[in-house]
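What follows is the content of query31.pdb, which has PDB, C-alpha atoms:
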```pdb
ATOM      1  CA  MET A   1       0.000   0.000   0.000
ATOM      2  CA  MET A   2       2.720   2.466   1.047
ATOM      3  CA  ARG A   3       4.903   1.423  -1.885
ATOM      4  CA  ILE A   4       2.045   1.921  -4.362
ATOM      5  CA  PHE A   5       1.429   5.418  -2.985
ATOM      6  CA  ASP A   6       5.138   6.207  -3.081
ATOM      7  CA  GLU A   7       5.696   5.022  -6.639
ATOM      8  CA  LYS A   8       2.441   5.977  -8.354
ATOM      9  CA  PHE A   9       0.669   8.766  -6.481
ATOM     10  CA  PHE A  10       3.528  10.699  -4.874
ATOM     11  CA  PRO A  11       4.999  12.054  -8.167
ATOM     12  CA  ILE A  12       1.504  13.265  -9.152
ATOM     13  CA  LEU A  13       1.137  14.884  -5.729
ATOM     14  CA  VAL A  14       4.456  16.712  -6.167
ATOM     15  CA  VAL A  15       3.429  18.092  -9.588
ATOM     16  CA  LEU A  16       0.030  19.159  -8.210
ATOM     17  CA  THR A  17       1.706  20.863  -5.248
ATOM     18  CA  ALA A  18       4.102  22.811  -7.474
ATOM     19  CA  ALA A  19       1.193  23.946  -9.673
ATOM     20  CA  ALA A  20      -0.932  24.949  -6.664
ATOM     21  CA  VAL A  21       1.936  26.872  -5.022
ATOM     22  CA  LEU A  22       2.670  28.784  -8.260
ATOM     23  CA  ALA A  23      -1.040  29.533  -8.724
ATOM     24  CA  SER A  24      -1.367  30.794  -5.161
ATOM     25  CA  LEU A  25       1.716  33.036  -5.504
ATOM     26  CA  GLY A  26       0.315  34.425  -8.758
ATOM     27  CA  LEU A  27      -3.024  35.153  -7.090
ATOM     28  CA  ILE A  28      -1.418  36.693  -4.002
ATOM     29  CA  PHE A  29       0.779  39.112  -5.919
ATOM     30  CA  PHE A  30      -1.283  39.810  -9.063
ATOM     31  CA  HIS A  31      -4.938  39.183  -8.226
ATOM     32  CA  ALA A  32      -5.632  39.909  -4.571
ATOM     33  CA  PRO A  33      -6.211  43.613  -3.941
ATOM     34  CA  ILE A  34      -4.107  45.634  -1.520
ATOM     35  CA  GLU A  35      -6.030  46.050   1.710
ATOM     36  CA  LEU A  36      -6.975  49.668   2.441
ATOM     37  CA  THR A  37      -5.992  50.086   6.091
ATOM     38  CA  MET A  38      -2.982  47.780   6.447
ATOM     39  CA  GLY A  39      -1.596  48.077   2.922
ATOM     40  CA  ILE A  40       0.608  45.478   1.216
ATOM     41  CA  VAL A  41       1.715  43.854   4.485
ATOM     42  CA  GLN A  42      -1.775  42.296   4.757
ATOM     43  CA  LYS A  43      -0.668  39.820   2.057
ATOM     44  CA  ILE A  44       1.284  37.972   4.781
ATOM     45  CA  PHE A  45      -2.147  36.716   5.882
ATOM     46  CA  TYR A  46      -2.316  34.396   2.799
ATOM     47  CA  VAL A  47       0.620  32.366   4.083
ATOM     48  CA  HIS A  48       0.326  32.977   7.826
ATOM     49  CA  VAL A  49      -3.110  31.385   8.311
ATOM     50  CA  PRO A  50      -2.476  28.332   6.045
ATOM     51  CA  SER A  51       0.835  27.808   7.902
ATOM     52  CA  ALA A  52      -1.034  27.810  11.195
ATOM     53  CA  MET A  53      -3.474  25.237   9.783
ATOM     54  CA  ALA A  54      -0.552  23.109   8.526
ATOM     55  CA  ALA A  55       1.033  23.322  11.983
ATOM     56  CA  TYR A  56      -2.225  22.169  13.601
ATOM     57  CA  ALA A  57      -2.469  19.341  11.057
ATOM     58  CA  GLY A  58       1.097  18.234  11.775
ATOM     59  CA  PHE A  59       0.609  18.258  15.535
ATOM     60  CA  THR A  60      -2.754  16.504  15.240
ATOM     61  CA  LEU A  61      -1.111  13.811  13.106
ATOM     62  CA  ALA A  62       1.675  13.485  15.692
ATOM     63  CA  SER A  63      -0.805  13.192  18.569
ATOM     64  CA  VAL A  64      -3.178  10.741  16.863
ATOM     65  CA  CYS A  65      -0.317   8.521  15.673
ATOM     66  CA  SER A  66       1.287   8.681  19.133
ATOM     67  CA  LEU A  67      -1.993   7.600  20.723
ATOM     68  CA  LEU A  68      -2.257   4.723  18.233
ATOM     69  CA  TYR A  69       1.356   3.802  19.021
ATOM     70  CA  LEU A  70       0.557   3.707  22.734
ATOM     71  CA  ILE A  71      -2.493   1.492  22.100
ATOM     72  CA  ARG A  72      -0.732  -0.815  19.638
ATOM     73  CA  PRO A  73       3.045  -0.288  19.406
ATOM     74  CA  ASN A  74       3.728  -0.346  15.688
ATOM     75  CA  ARG A  75       6.869   1.414  14.456
ATOM     76  CA  TYR A  76       5.026   2.930  11.483
ATOM     77  CA  TRP A  77       2.730   4.908  13.820
ATOM     78  CA  ASP A  78       5.794   6.209  15.586
ATOM     79  CA  MET A  79       7.440   7.227  12.301
ATOM     80  CA  ALA A  80       4.295   9.064  11.184
ATOM     81  CA  ALA A  81       4.139  10.831  14.576
ATOM     82  CA  VAL A  82       7.712  12.101  14.264
ATOM     83  CA  ALA A  83       7.150  13.211  10.650
ATOM     84  CA  GLY A  84       3.957  15.084  11.648
ATOM     85  CA  ALA A  85       5.623  16.755  14.647
ATOM     86  CA  GLU A  86       8.664  17.887  12.648
ATOM     87  CA  VAL A  87       6.664  19.364   9.776
ATOM     88  CA  GLY A  88       4.161  20.883  12.218
ATOM     89  CA  LEU A  89       7.027  22.475  14.152
ATOM     90  CA  LEU A  90       8.446  23.951  10.951
ATOM     91  CA  PHE A  91       5.109  25.573  10.075
ATOM     92  CA  CYS A  92       4.587  26.690  13.675
ATOM     93  CA  LEU A  93       7.991  28.367  13.591
ATOM     94  CA  TYR A  94       6.936  30.139  10.418
ATOM     95  CA  VAL A  95       3.718  31.301  12.109
ATOM     96  CA  LEU A  96       5.871  32.778  14.893
ATOM     97  CA  ILE A  97       8.027  34.563  12.312
ATOM     98  CA  SER A  98       5.343  35.832   9.896
ATOM     99  CA  GLY A  99       2.912  36.919  12.627
ATOM    100  CA  PRO A 100       5.342  39.394  14.259
ATOM    101  CA  LEU A 101       6.317  40.746  10.806
ATOM    102  CA  TRP A 102       2.657  41.568  10.168
ATOM    103  CA  ALA A 103       2.054  42.802  13.719
ATOM    104  CA  PHE A 104       5.034  45.150  13.552
ATOM    105  CA  LYS A 105       3.125  47.145  10.962
ATOM    106  CA  ALA A 106      -0.429  46.570  12.174
ATOM    107  CA  TRP A 107      -0.003  46.869  15.944
ATOM    108  CA  GLY A 108       3.200  48.898  16.109
ATOM    109  CA  LYS A 109       5.006  46.109  17.943
ATOM    110  CA  ALA A 110       6.088  42.680  16.817
ATOM    111  CA  TRP A 111       4.866  40.745  19.838
ATOM    112  CA  THR A 112       2.444  41.082  22.672
ATOM    113  CA  TRP A 113       1.564  38.468  25.277
ATOM    114  CA  ASP A 114      -1.931  38.108  23.829
ATOM    115  CA  PRO A 115      -3.599  34.796  24.884
ATOM    116  CA  GLN A 116      -3.615  33.325  21.357
ATOM    117  CA  LEU A 117      -0.002  34.304  20.673
ATOM    118  CA  THR A 118       1.182  33.021  24.036
ATOM    119  CA  ALA A 119      -0.665  29.716  23.592
ATOM    120  CA  THR A 120       0.893  29.335  20.104
ATOM    121  CA  PHE A 121       4.343  29.952  21.558
ATOM    122  CA  VAL A 122       3.649  27.324  24.246
ATOM    123  CA  LEU A 123       2.580  24.892  21.495
ATOM    124  CA  PHE A 124       5.884  25.510  19.702
ATOM    125  CA  LEU A 125       7.808  24.782  22.904
ATOM    126  CA  LEU A 126       5.791  21.624  23.649
ATOM    127  CA  TYR A 127       6.284  20.011  20.241
ATOM    128  CA  GLY A 128       9.825  21.431  20.069
ATOM    129  CA  GLY A 129      10.433  19.455  23.256
ATOM    130  CA  TYR A 130       8.960  16.354  21.624
ATOM    131  CA  VAL A 131      11.214  16.684  18.554
ATOM    132  CA  MET A 132      14.269  17.311  20.747
ATOM    133  CA  LEU A 133      13.416  14.303  22.917
ATOM    134  CA  ARG A 134      13.284  12.147  19.787
ATOM    135  CA  SER A 135      16.523  13.579  18.393
ATOM    136  CA  PHE A 136      18.751  13.634  21.472
ATOM    137  CA  THR A 137      17.815  10.381  23.181
ATOM    138  CA  ARG A 138      18.317   6.708  22.359
ATOM    139  CA  ALA A 139      15.508   5.432  20.152
ATOM    140  CA  ASP A 140      14.395   2.577  22.411
ATOM    141  CA  ASP A 141      10.835   1.469  23.035
ATOM    142  CA  ARG A 142      10.591   3.138  26.449
ATOM    143  CA  MET A 143      11.692   6.518  25.090
ATOM    144  CA  ARG A 144       9.328   6.240  22.121
ATOM    145  CA  LYS A 145       6.418   5.635  24.511
ATOM    146  CA  LEU A 146       7.456   8.510  26.780
ATOM    147  CA  ALA A 147       7.625  10.864  23.782
ATOM    148  CA  ALA A 148       4.237   9.576  22.580
ATOM    149  CA  VAL A 149       2.676  10.507  25.938
ATOM    150  CA  LEU A 150       4.148  14.016  25.604
ATOM    151  CA  ALA A 151       2.735  14.363  22.065
ATOM    152  CA  VAL A 152      -0.747  13.313  23.244
ATOM    153  CA  PHE A 153      -0.719  15.759  26.188
ATOM    154  CA  ALA A 154       0.665  18.610  24.073
ATOM    155  CA  PHE A 155      -2.405  18.348  21.837
ATOM    156  CA  ILE A 156      -4.518  19.918  24.616
ATOM    157  CA  ASP A 157      -2.995  23.287  23.664
ATOM    158  CA  ILE A 158      -4.551  23.289  20.158
ATOM    159  CA  PRO A 159      -8.211  23.843  21.242
ATOM    160  CA  ILE A 160      -6.915  26.350  23.807
ATOM    161  CA  ILE A 161      -5.346  28.377  20.964
ATOM    162  CA  HIS A 162      -8.500  28.133  18.872
ATOM    163  CA  TYR A 163     -10.893  29.245  21.619
ATOM    164  CA  SER A 164      -8.552  31.671  23.405
ATOM    165  CA  VAL A 165      -9.956  34.681  21.489
ATOM    166  CA  ARG A 166     -13.497  33.763  22.540
ATOM    167  CA  MET A 167     -12.551  32.974  26.131
ATOM    168  CA  TRP A 168     -10.032  35.696  26.946
ATOM    169  CA  GLY A 169     -10.261  38.249  24.105
ATOM    170  CA  GLY A 170      -6.952  39.737  23.009
ATOM    171  CA  LEU A 171      -5.506  41.576  20.035
ATOM    172  CA  HIS A 172      -5.299  38.721  17.518
ATOM    173  CA  PRO A 173      -7.724  39.436  14.632
ATOM    174  CA  VAL A 174     -10.583  37.131  13.581
ATOM    175  CA  ILE A 175     -11.711  37.051   9.966
ATOM    176  CA  GLU A 176     -14.832  34.971   9.593
ATOM    177  CA  ARG A 177     -15.218  33.039  12.779
ATOM    178  CA  GLU A 178     -16.556  34.644  15.913
ATOM    179  CA  GLY A 179     -17.894  37.814  14.377
ATOM    180  CA  GLY A 180     -15.123  38.955  12.036
ATOM    181  CA  GLY A 181     -15.909  41.005   8.968
ATOM    182  CA  GLY A 182     -15.221  38.378   6.283
ATOM    183  CA  LEU A 183     -13.169  38.657   3.083
ATOM    184  CA  ALA A 184     -13.717  40.323  -0.299
ATOM    185  CA  PRO A 185     -14.354  37.785  -3.129
ATOM    186  CA  ALA A 186     -10.880  38.203  -4.720
ATOM    187  CA  MET A 187      -9.254  37.797  -1.307
ATOM    188  CA  LYS A 188     -11.418  34.763  -0.540
ATOM    189  CA  LEU A 189     -10.368  33.036  -3.792
ATOM    190  CA  THR A 190      -6.685  33.783  -3.141
ATOM    191  CA  PHE A 191      -6.967  32.547   0.426
ATOM    192  CA  SER A 192      -8.736  29.323  -0.664
ATOM    193  CA  VAL A 193      -6.101  28.513  -3.313
ATOM    194  CA  SER A 194      -3.313  29.302  -0.854
ATOM    195  CA  MET A 195      -4.919  27.045   1.737
ATOM    196  CA  PHE A 196      -5.161  24.211  -0.818
ATOM    197  CA  ALA A 197      -1.493  24.726  -1.838
ATOM    198  CA  PHE A 198      -0.392  24.528   1.803
ATOM    199  CA  VAL A 199      -2.393  21.340   2.391
ATOM    200  CA  LEU A 200      -0.578  19.738  -0.565
ATOM    201  CA  LEU A 201       2.809  21.112   0.533
ATOM    202  CA  PHE A 202       2.214  19.746   4.015
ATOM    203  CA  ALA A 203       1.311  16.300   2.594
ATOM    204  CA  VAL A 204       4.452  16.234   0.400
ATOM    205  CA  MET A 205       6.740  17.221   3.280
ATOM    206  CA  VAL A 206       5.216  14.745   5.730
ATOM    207  CA  TRP A 207       5.431  11.913   3.218
ATOM    208  CA  MET A 208       9.062  12.711   2.324
ATOM    209  CA  ARG A 209      10.032  12.737   6.009
ATOM    210  CA  PHE A 210       8.066   9.571   6.725
ATOM    211  CA  ARG A 211       9.608   7.819   3.704
ATOM    212  CA  VAL A 212      13.175   8.508   4.891
ATOM    213  CA  ARG A 213      12.420   7.067   8.341
ATOM    214  CA  TRP A 214      10.586   4.112   6.848
ATOM    215  CA  LYS A 215      13.481   3.268   4.471
ATOM    216  CA  GLU A 216      16.058   3.712   7.269
ATOM    217  CA  TYR A 217      14.081   1.275   9.407
ATOM    218  CA  GLU A 218      13.802  -1.281   6.601
ATOM    219  CA  LEU A 219      17.501  -0.941   5.830
ATOM    220  CA  ASP A 220      18.385  -1.569   9.492
ATOM    221  CA  LEU A 221      16.243  -4.719   9.477
ATOM    222  CA  LEU A 222      17.922  -5.896   6.266
ATOM    223  CA  TYR A 223      21.386  -5.302   7.752
ATOM    224  CA  LEU A 224      20.476  -7.431  10.758
ATOM    225  CA  GLU A 225      19.162 -10.220   8.522
ATOM    226  CA  VAL A 226      22.289 -10.216   6.347
ATOM    227  CA  GLU A 227      24.587 -10.281   9.383
ATOM    228  CA  ASP A 228      22.542 -13.115  10.948
ATOM    229  CA  LEU A 229      22.829 -15.034   7.686
ATOM    230  CA  ALA A 230      26.575 -14.356   7.517
ATOM    231  CA  ARG A 231      27.038 -15.689  11.065
ATOM    232  CA  THR A 232      24.940 -18.787  10.304
ATOM    233  CA  ARG A 233      26.987 -19.573   7.219
ATOM    234  CA  GLU A 234      30.291 -18.972   9.023
ATOM    235  CA  GLY A 235      29.154 -21.209  11.901
TER     236      GLY A 235
ATOM    237  CA  MET B   1      27.478  10.383  13.199
ATOM    238  CA  ARG B   2      27.773  13.399  10.830
ATOM    239  CA  LEU B   3      24.068  13.093  10.090
ATOM    240  CA  PHE B   4      23.319  13.133  13.806
ATOM    241  CA  ILE B   5      25.456  16.246  14.293
ATOM    242  CA  LYS B   6      23.640  17.954  11.413
ATOM    243  CA  GLN B   7      20.314  17.030  13.013
ATOM    244  CA  ILE B   8      21.431  18.488  16.322
ATOM    245  CA  VAL B   9      22.617  21.679  14.630
ATOM    246  CA  GLY B  10      19.247  21.976  12.860
ATOM    247  CA  ILE B  11      17.243  21.507  16.023
ATOM    248  CA  VAL B  12      19.462  23.872  18.022
ATOM    249  CA  ALA B  13      19.011  26.454  15.248
ATOM    250  CA  LEU B  14      15.238  26.015  15.439
ATOM    251  CA  ALA B  15      15.258  26.380  19.193
ATOM    252  CA  GLY B  16      17.589  29.372  18.884
ATOM    253  CA  VAL B  17      15.203  31.196  16.598
ATOM    254  CA  GLY B  18      12.372  30.489  19.041
ATOM    255  CA  LEU B  19      14.363  31.779  22.000
ATOM    256  CA  LEU B  20      15.543  34.820  20.052
ATOM    257  CA  SER B  21      11.992  35.768  19.136
ATOM    258  CA  ALA B  22      10.959  35.338  22.756
ATOM    259  CA  SER B  23      13.809  37.492  24.059
ATOM    260  CA  ALA B  24      13.117  40.136  21.413
ATOM    261  CA  ALA B  25       9.507  40.135  22.532
ATOM    262  CA  PHE B  26      10.499  40.600  26.161
ATOM    263  CA  ALA B  27      12.821  43.451  25.216
ATOM    264  CA  GLN B  28      10.032  45.051  23.236
ATOM    265  CA  GLU B  29       7.558  44.740  26.077
ATOM    266  CA  ALA B  30      10.057  46.354  28.413
ATOM    267  CA  GLY B  31      11.156  49.274  26.295
ATOM    268  CA  GLY B  32       8.686  49.665  23.422
ATOM    269  CA  THR B  33       8.581  53.465  23.355
ATOM    270  CA  LEU B  34       8.678  54.023  19.569
ATOM    271  CA  SER B  35       5.430  55.337  18.151
ATOM    272  CA  LEU B  36       3.554  53.445  15.423
ATOM    273  CA  ALA B  37       4.223  56.276  12.969
ATOM    274  CA  ALA B  38       7.962  56.108  13.677
ATOM    275  CA  ARG B  39       7.987  52.375  13.077
ATOM    276  CA  GLU B  40       6.005  52.715   9.878
ATOM    277  CA  ALA B  41       8.526  55.210   8.620
ATOM    278  CA  SER B  42      11.469  52.980   9.528
ATOM    279  CA  VAL B  43      10.250  49.695   7.966
ATOM    280  CA  PRO B  44       8.069  49.810   4.828
ATOM    281  CA  GLY B  45       5.313  47.197   4.461
ATOM    282  CA  GLY B  46       6.922  45.836   1.276
ATOM    283  CA  THR B  47      10.111  44.969   3.167
ATOM    284  CA  LEU B  48       8.156  43.136   5.861
ATOM    285  CA  LEU B  49       6.198  41.261   3.182
ATOM    286  CA  LEU B  50       9.397  40.303   1.368
ATOM    287  CA  ALA B  51      10.978  39.142   4.627
ATOM    288  CA  ALA B  52       7.917  37.001   5.394
ATOM    289  CA  TYR B  53       7.925  35.277   1.982
ATOM    290  CA  LEU B  54      11.717  34.830   2.025
ATOM    291  CA  ALA B  55      11.516  33.234   5.461
ATOM    292  CA  LEU B  56       8.814  30.840   4.255
ATOM    293  CA  TRP B  57      10.777  29.564   1.274
ATOM    294  CA  LEU B  58      14.033  29.426   3.214
ATOM    295  CA  LEU B  59      12.374  27.221   5.838
ATOM    296  CA  VAL B  60      10.584  24.988   3.310
ATOM    297  CA  PHE B  61      13.544  24.498   0.980
ATOM    298  CA  GLY B  62      15.966  24.190   3.902
ATOM    299  CA  TYR B  63      13.879  21.372   5.340
ATOM    300  CA  LEU B  64      13.516  19.692   1.933
ATOM    301  CA  ALA B  65      17.300  19.944   1.432
ATOM    302  CA  MET B  66      17.814  18.274   4.816
ATOM    303  CA  ILE B  67      15.478  15.426   3.811
ATOM    304  CA  MET B  68      17.257  15.054   0.438
ATOM    305  CA  ARG B  69      20.627  14.778   2.233
ATOM    306  CA  ARG B  70      19.246  12.011   4.410
ATOM    307  CA  GLN B  71      17.872  10.336   1.297
ATOM    308  CA  ARG B  72      21.359  10.422  -0.301
ATOM    309  CA  ALA B  73      22.903   8.999   2.883
ATOM    310  CA  LEU B  74      20.309   6.244   2.712
ATOM    311  CA  SER B  75      21.294   5.455  -0.893
ATOM    312  CA  ARG B  76      24.955   5.169   0.195
ATOM    313  CA  ASP B  77      23.941   2.800   3.028
ATOM    314  CA  LEU B  78      21.951   0.735   0.559
ATOM    315  CA  ALA B  79      24.966   0.450  -1.768
ATOM    316  CA  ALA B  80      27.089  -0.649   1.223
ATOM    317  CA  LEU B  81      24.484  -3.279   2.122
ATOM    318  CA  GLU B  82      24.496  -4.583  -1.452
ATOM    319  CA  ARG B  83      28.297  -4.967  -1.289
ATOM    320  CA  ARG B  84      27.986  -6.782   2.036
ATOM    321  CA  MET B  85      25.343  -9.106   0.588
ATOM    322  CA  ASP B  86      27.619  -9.862  -2.358
ATOM    323  CA  GLU B  87      30.415 -10.754   0.093
ATOM    324  CA  VAL B  88      28.163 -13.015   2.173
ATOM    325  CA  PHE B  89      26.531 -14.812  -0.762
ATOM    326  CA  ASP B  90      29.675 -15.104  -2.910
ATOM    327  CA  GLY B  91      31.540 -16.473   0.100
ATOM    328  CA  SER B  92      28.899 -19.121   0.704
ATOM    329  CA  GLU B  93      28.837 -20.140  -2.981
ATOM    330  CA  ASN B  94      32.641 -20.581  -2.991
ATOM    331  CA  ASP B  95      32.408 -22.798   0.113
TER     332      ASP B  95
END
```
Would you encode the structure as C-alpha cells?
Amino acid sequence: MMRIFDEKFFPILVVLTAAAVLASLGLIFFHAPIELTMGIVQKIFYVHVPSAMAAYAGFTLASVCSLLYLIRPNRYWDMAAVAGAEVGLLFCLYVLISGPLWAFKAWGKAWTWDPQLTATFVLFLLYGGYVMLRSFTRADDRMRKLAAVLAVFAFIDIPIIHYSVRMWGGLHPVIEREGGGGLAPAMKLTFSVSMFAFVLLFAVMVWMRFRVRWKEYELDLLYLEVEDLARTREG
Amino acid sequence: MRLFIKQIVGIVALAGVGLLSASAAFAQEAGGTLSLAAREASVPGGTLLLAAYLALWLLVFGYLAMIMRRQRALSRDLAALERRMDEVFDGSEND
C-alpha cells in the first residue's frame, strides 16, 4: 500500500503541489487587492493562516499517531508521529516569524503576550520538546512511549489556541469566525487557493520525512538479517 | 554520526530562533517606546512582506534539502548493504 502510494501517487502529488503553489503566488501578488488600512503587508495573511493550519495538522497527526502507538506499538505509527511533529514544528515556527512581521506594521510592535499568541508559543515549545526528545535520546521502546505521551498531552494546547480569542479576548484578529468582517471575493479566492497549496505542501513534506524514516528502518532490518545469515553460514 | 550532528545543529538552530523571538519580545515589552508612525517610517510594508515570503521559502527548501541529504545517505547505506550481501553470498557459494 505504502509502496504503491510512493511510486504511483507521490509524483503526481508533487506536480500538483508545485502547480498549486505557483497559482497561489500568482493570485497573491497579481490578483488579490491591496487592503486599504494595512496596505501590502496584509498579504502575509495568505501564508500565515495556512501555515497555522498546517502546523495544527502536523501536531494533530503526531498526537493521533502517538496515541495509536501507545495502544498498539507499531513502528510505522511512531514514524508518522515524528514526521507530523517535525513538519508541524516547521510551520509553527513560520507562524511565529510571519505573525510578528505583520504585527510590527499593524499593531506597532512585533509581539504582545496576547492569549492566542502566548498559547501558540507554548505549542511551539511543547512540540519542540517532543522533537528534541526524539533527536537527542536513544531510540528505544521506552523513550518512544514517553515521547508519545508528551505528544498526546501537548495536543490539549490546540483547542486552547482556537478558543482563546473567545474565552479571553486579546488583540489577535478574527476574519470569519466569531464575528469577524469576512473577506472580499478576490481575497477569498486567493486565500482558498493558498490554503489548498499549503495542504498539498504539508502532505508532500510529511510523506518525504516519513519515507526517509521508513526506508532507514527497513535498511536496518535488512542489515540485521544479512549479518545473521553471515554468522549462520560462518558457523 | 555526521548526520546526527547535522540534526542536532538543525534543532538547536530552530530552538535558537524560538528563543531569540521570545527574548526580542520581552525586550520590546520592556522598552517599546517608539510610536507606530515612527515604526512605519522605519520599515516599509513591502520589506516586511518580502521578509515574510523569504523566510517561508528558506524554511521549506531548507527542510527539503535536509530530507534530500538524508535520502542520499540512505542510498549510500543501501549500496554498502548490497556490497555486504555480495560478500556473504559469494563467500557461501565458494564454500
Problem set entry | Residues returned when the PyMOL selection byres ((chain A and resi 114) around 8) runs on this file, as a ChimeraX atom specification | /A:112-113,115-118,170-172
For this session: Give me the residues within 10 Å of Tyr63 (chain B) as a ChimeraX atom specification, counting all atoms listed in the file and dropping any in the same chain fewer than 5 places off.
Result: /A:86-87,90,205,209 /B:10,57-58,68-69
Within 8 Å of chain B: each chain A residue with its shortest pair, only C-alpha atoms, as JSON lines:
```
{"residue": "A:Gly39", "atom": "CA", "partner": "B:Gly45", "partner_atom": "CA", "distance": 7.1}
{"residue": "A:Ile40", "atom": "CA", "partner": "B:Gly45", "partner_atom": "CA", "distance": 6.0}
{"residue": "A:Val41", "atom": "CA", "partner": "B:Gly45", "partner_atom": "CA", "distance": 4.9}
{"residue": "A:Lys43", "atom": "CA", "partner": "B:Leu49", "partner_atom": "CA", "distance": 7.1}
{"residue": "A:Ile44", "atom": "CA", "partner": "B:Leu49", "partner_atom": "CA", "distance": 6.1}
{"residue": "A:Leu90", "atom": "CA", "partner": "B:Leu59", "partner_atom": "CA", "distance": 7.2}
{"residue": "A:Leu93", "atom": "CA", "partner": "B:Gly18", "partner_atom": "CA", "distance": 7.3}
{"residue": "A:Tyr94", "atom": "CA", "partner": "B:Leu56", "partner_atom": "CA", "distance": 6.5}
{"residue": "A:Ile97", "atom": "CA", "partner": "B:Ala52", "partner_atom": "CA", "distance": 7.3}
{"residue": "A:Ser98", "atom": "CA", "partner": "B:Ala52", "partner_atom": "CA", "distance": 5.3}
{"residue": "A:Leu101", "atom": "CA", "partner": "B:Leu48", "partner_atom": "CA", "distance": 5.8}
{"residue": "A:Trp102", "atom": "CA", "partner": "B:Leu48", "partner_atom": "CA", "distance": 7.2}
{"residue": "A:Phe104", "atom": "CA", "partner": "B:Arg39", "partner_atom": "CA", "distance": 7.8}
{"residue": "A:Lys105", "atom": "CA", "partner": "B:Glu40", "partner_atom": "CA", "distance": 6.4}
{"residue": "A:Trp107", "atom": "CA", "partner": "B:Leu36", "partner_atom": "CA", "distance": 7.5}
{"residue": "A:Gly108", "atom": "CA", "partner": "B:Leu36", "partner_atom": "CA", "distance": 4.6}
{"residue": "A:Lys109", "atom": "CA", "partner": "B:Gln28", "partner_atom": "CA", "distance": 7.4}
{"residue": "A:Ala110", "atom": "CA", "partner": "B:Ala25", "partner_atom": "CA", "distance": 7.1}
{"residue": "A:Trp111", "atom": "CA", "partner": "B:Ala25", "partner_atom": "CA", "distance": 5.4}
{"residue": "A:Thr112", "atom": "CA", "partner": "B:Ala25", "partner_atom": "CA", "distance": 7.1}
{"residue": "A:Gly128", "atom": "CA", "partner": "B:Ala15", "partner_atom": "CA", "distance": 7.4}
{"residue": "A:Met132", "atom": "CA", "partner": "B:Ile11", "partner_atom": "CA", "distance": 7.0}
{"residue": "A:Ser135", "atom": "CA", "partner": "B:Ile8", "partner_atom": "CA", "distance": 7.2}
{"residue": "A:Phe136", "atom": "CA", "partner": "B:Ile8", "partner_atom": "CA", "distance": 7.6}
{"residue": "A:Met205", "atom": "CA", "partner": "B:Leu64", "partner_atom": "CA", "distance": 7.3}
{"residue": "A:Met208", "atom": "CA", "partner": "B:Ile67", "partner_atom": "CA", "distance": 7.1}
{"residue": "A:Arg209", "atom": "CA", "partner": "B:Ile67", "partner_atom": "CA", "distance": 6.5}
{"residue": "A:Val212", "atom": "CA", "partner": "B:Gln71", "partner_atom": "CA", "distance": 6.2}
{"residue": "A:Lys215", "atom": "CA", "partner": "B:Leu74", "partner_atom": "CA", "distance": 7.7}
{"residue": "A:Glu216", "atom": "CA", "partner": "B:Leu74", "partner_atom": "CA", "distance": 6.7}
{"residue": "A:Leu219", "atom": "CA", "partner": "B:Leu78", "partner_atom": "CA", "distance": 7.1}
{"residue": "A:Tyr223", "atom": "CA", "partner": "B:Leu81", "partner_atom": "CA", "distance": 6.7}
{"residue": "A:Val226", "atom": "CA", "partner": "B:Met85", "partner_atom": "CA", "distance": 6.6}
{"residue": "A:Leu229", "atom": "CA", "partner": "B:Val88", "partner_atom": "CA", "distance": 7.9}
{"residue": "A:Ala230", "atom": "CA", "partner": "B:Val88", "partner_atom": "CA", "distance": 5.7}
{"residue": "A:Arg233", "atom": "CA", "partner": "B:Ser92", "partner_atom": "CA", "distance": 6.8}
```
Please list as a tab-separated table (two decimals) with C-alpha atoms, in the coordinates of the input every residue within 8 Å of His48 (chain A), counting all atoms listed in the file and excluding residues in the same chain fewer than 2 positions away.
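The result, stored in result.tsv:
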```
chain	number	residue	atom	x	y	z
A	44	ILE	CA	1.28	37.97	4.78
A	45	PHE	CA	-2.15	36.72	5.88
A	46	TYR	CA	-2.32	34.40	2.80
A	50	PRO	CA	-2.48	28.33	6.04
A	51	SER	CA	0.84	27.81	7.90
A	52	ALA	CA	-1.03	27.81	11.20
A	94	TYR	CA	6.94	30.14	10.42
A	95	VAL	CA	3.72	31.30	12.11
A	98	SER	CA	5.34	35.83	9.90
A	99	GLY	CA	2.91	36.92	12.63
```
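CA of His31 (chain A) to CA of Thr190 (chain A) spans 7.6 Å [interatomic distance, one decimal].
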Missing atoms in region 220-227 of chain A: can you complete it with N, CA and C atoms, as a PDB file, in the frame of the given file?
```pdb
ATOM      1  N   ASP A 220      17.829  -1.022   8.241  1.00  0.00           N
ATOM      2  CA  ASP A 220      18.385  -1.569   9.492  1.00  0.00           C
ATOM      3  C   ASP A 220      17.982  -3.030   9.655  1.00  0.00           C
ATOM      4  N   LEU A 221      16.721  -3.339   9.365  1.00  0.00           N
ATOM      5  CA  LEU A 221      16.243  -4.719   9.477  1.00  0.00           C
ATOM      6  C   LEU A 221      16.997  -5.627   8.503  1.00  0.00           C
ATOM      7  N   LEU A 222      17.208  -5.120   7.281  1.00  0.00           N
ATOM      8  CA  LEU A 222      17.922  -5.896   6.266  1.00  0.00           C
ATOM      9  C   LEU A 222      19.364  -6.173   6.688  1.00  0.00           C
ATOM     10  N   TYR A 223      20.012  -5.138   7.262  1.00  0.00           N
ATOM     11  CA  TYR A 223      21.386  -5.302   7.752  1.00  0.00           C
ATOM     12  C   TYR A 223      21.452  -6.433   8.767  1.00  0.00           C
ATOM     13  N   LEU A 224      20.494  -6.407   9.708  1.00  0.00           N
ATOM     14  CA  LEU A 224      20.476  -7.431  10.758  1.00  0.00           C
ATOM     15  C   LEU A 224      20.299  -8.818  10.154  1.00  0.00           C
ATOM     16  N   GLU A 225      19.412  -8.924   9.166  1.00  0.00           N
ATOM     17  CA  GLU A 225      19.162 -10.220   8.522  1.00  0.00           C
ATOM     18  C   GLU A 225      20.410 -10.728   7.808  1.00  0.00           C
ATOM     19  N   VAL A 226      21.087  -9.820   7.095  1.00  0.00           N
ATOM     20  CA  VAL A 226      22.289 -10.216   6.347  1.00  0.00           C
ATOM     21  C   VAL A 226      23.382 -10.659   7.314  1.00  0.00           C
ATOM     22  N   GLU A 227      23.550  -9.916   8.418  1.00  0.00           N
ATOM     23  CA  GLU A 227      24.587 -10.281   9.383  1.00  0.00           C
ATOM     24  C   GLU A 227      24.256 -11.606  10.077  1.00  0.00           C
TER      25      GLU A 227
END
```
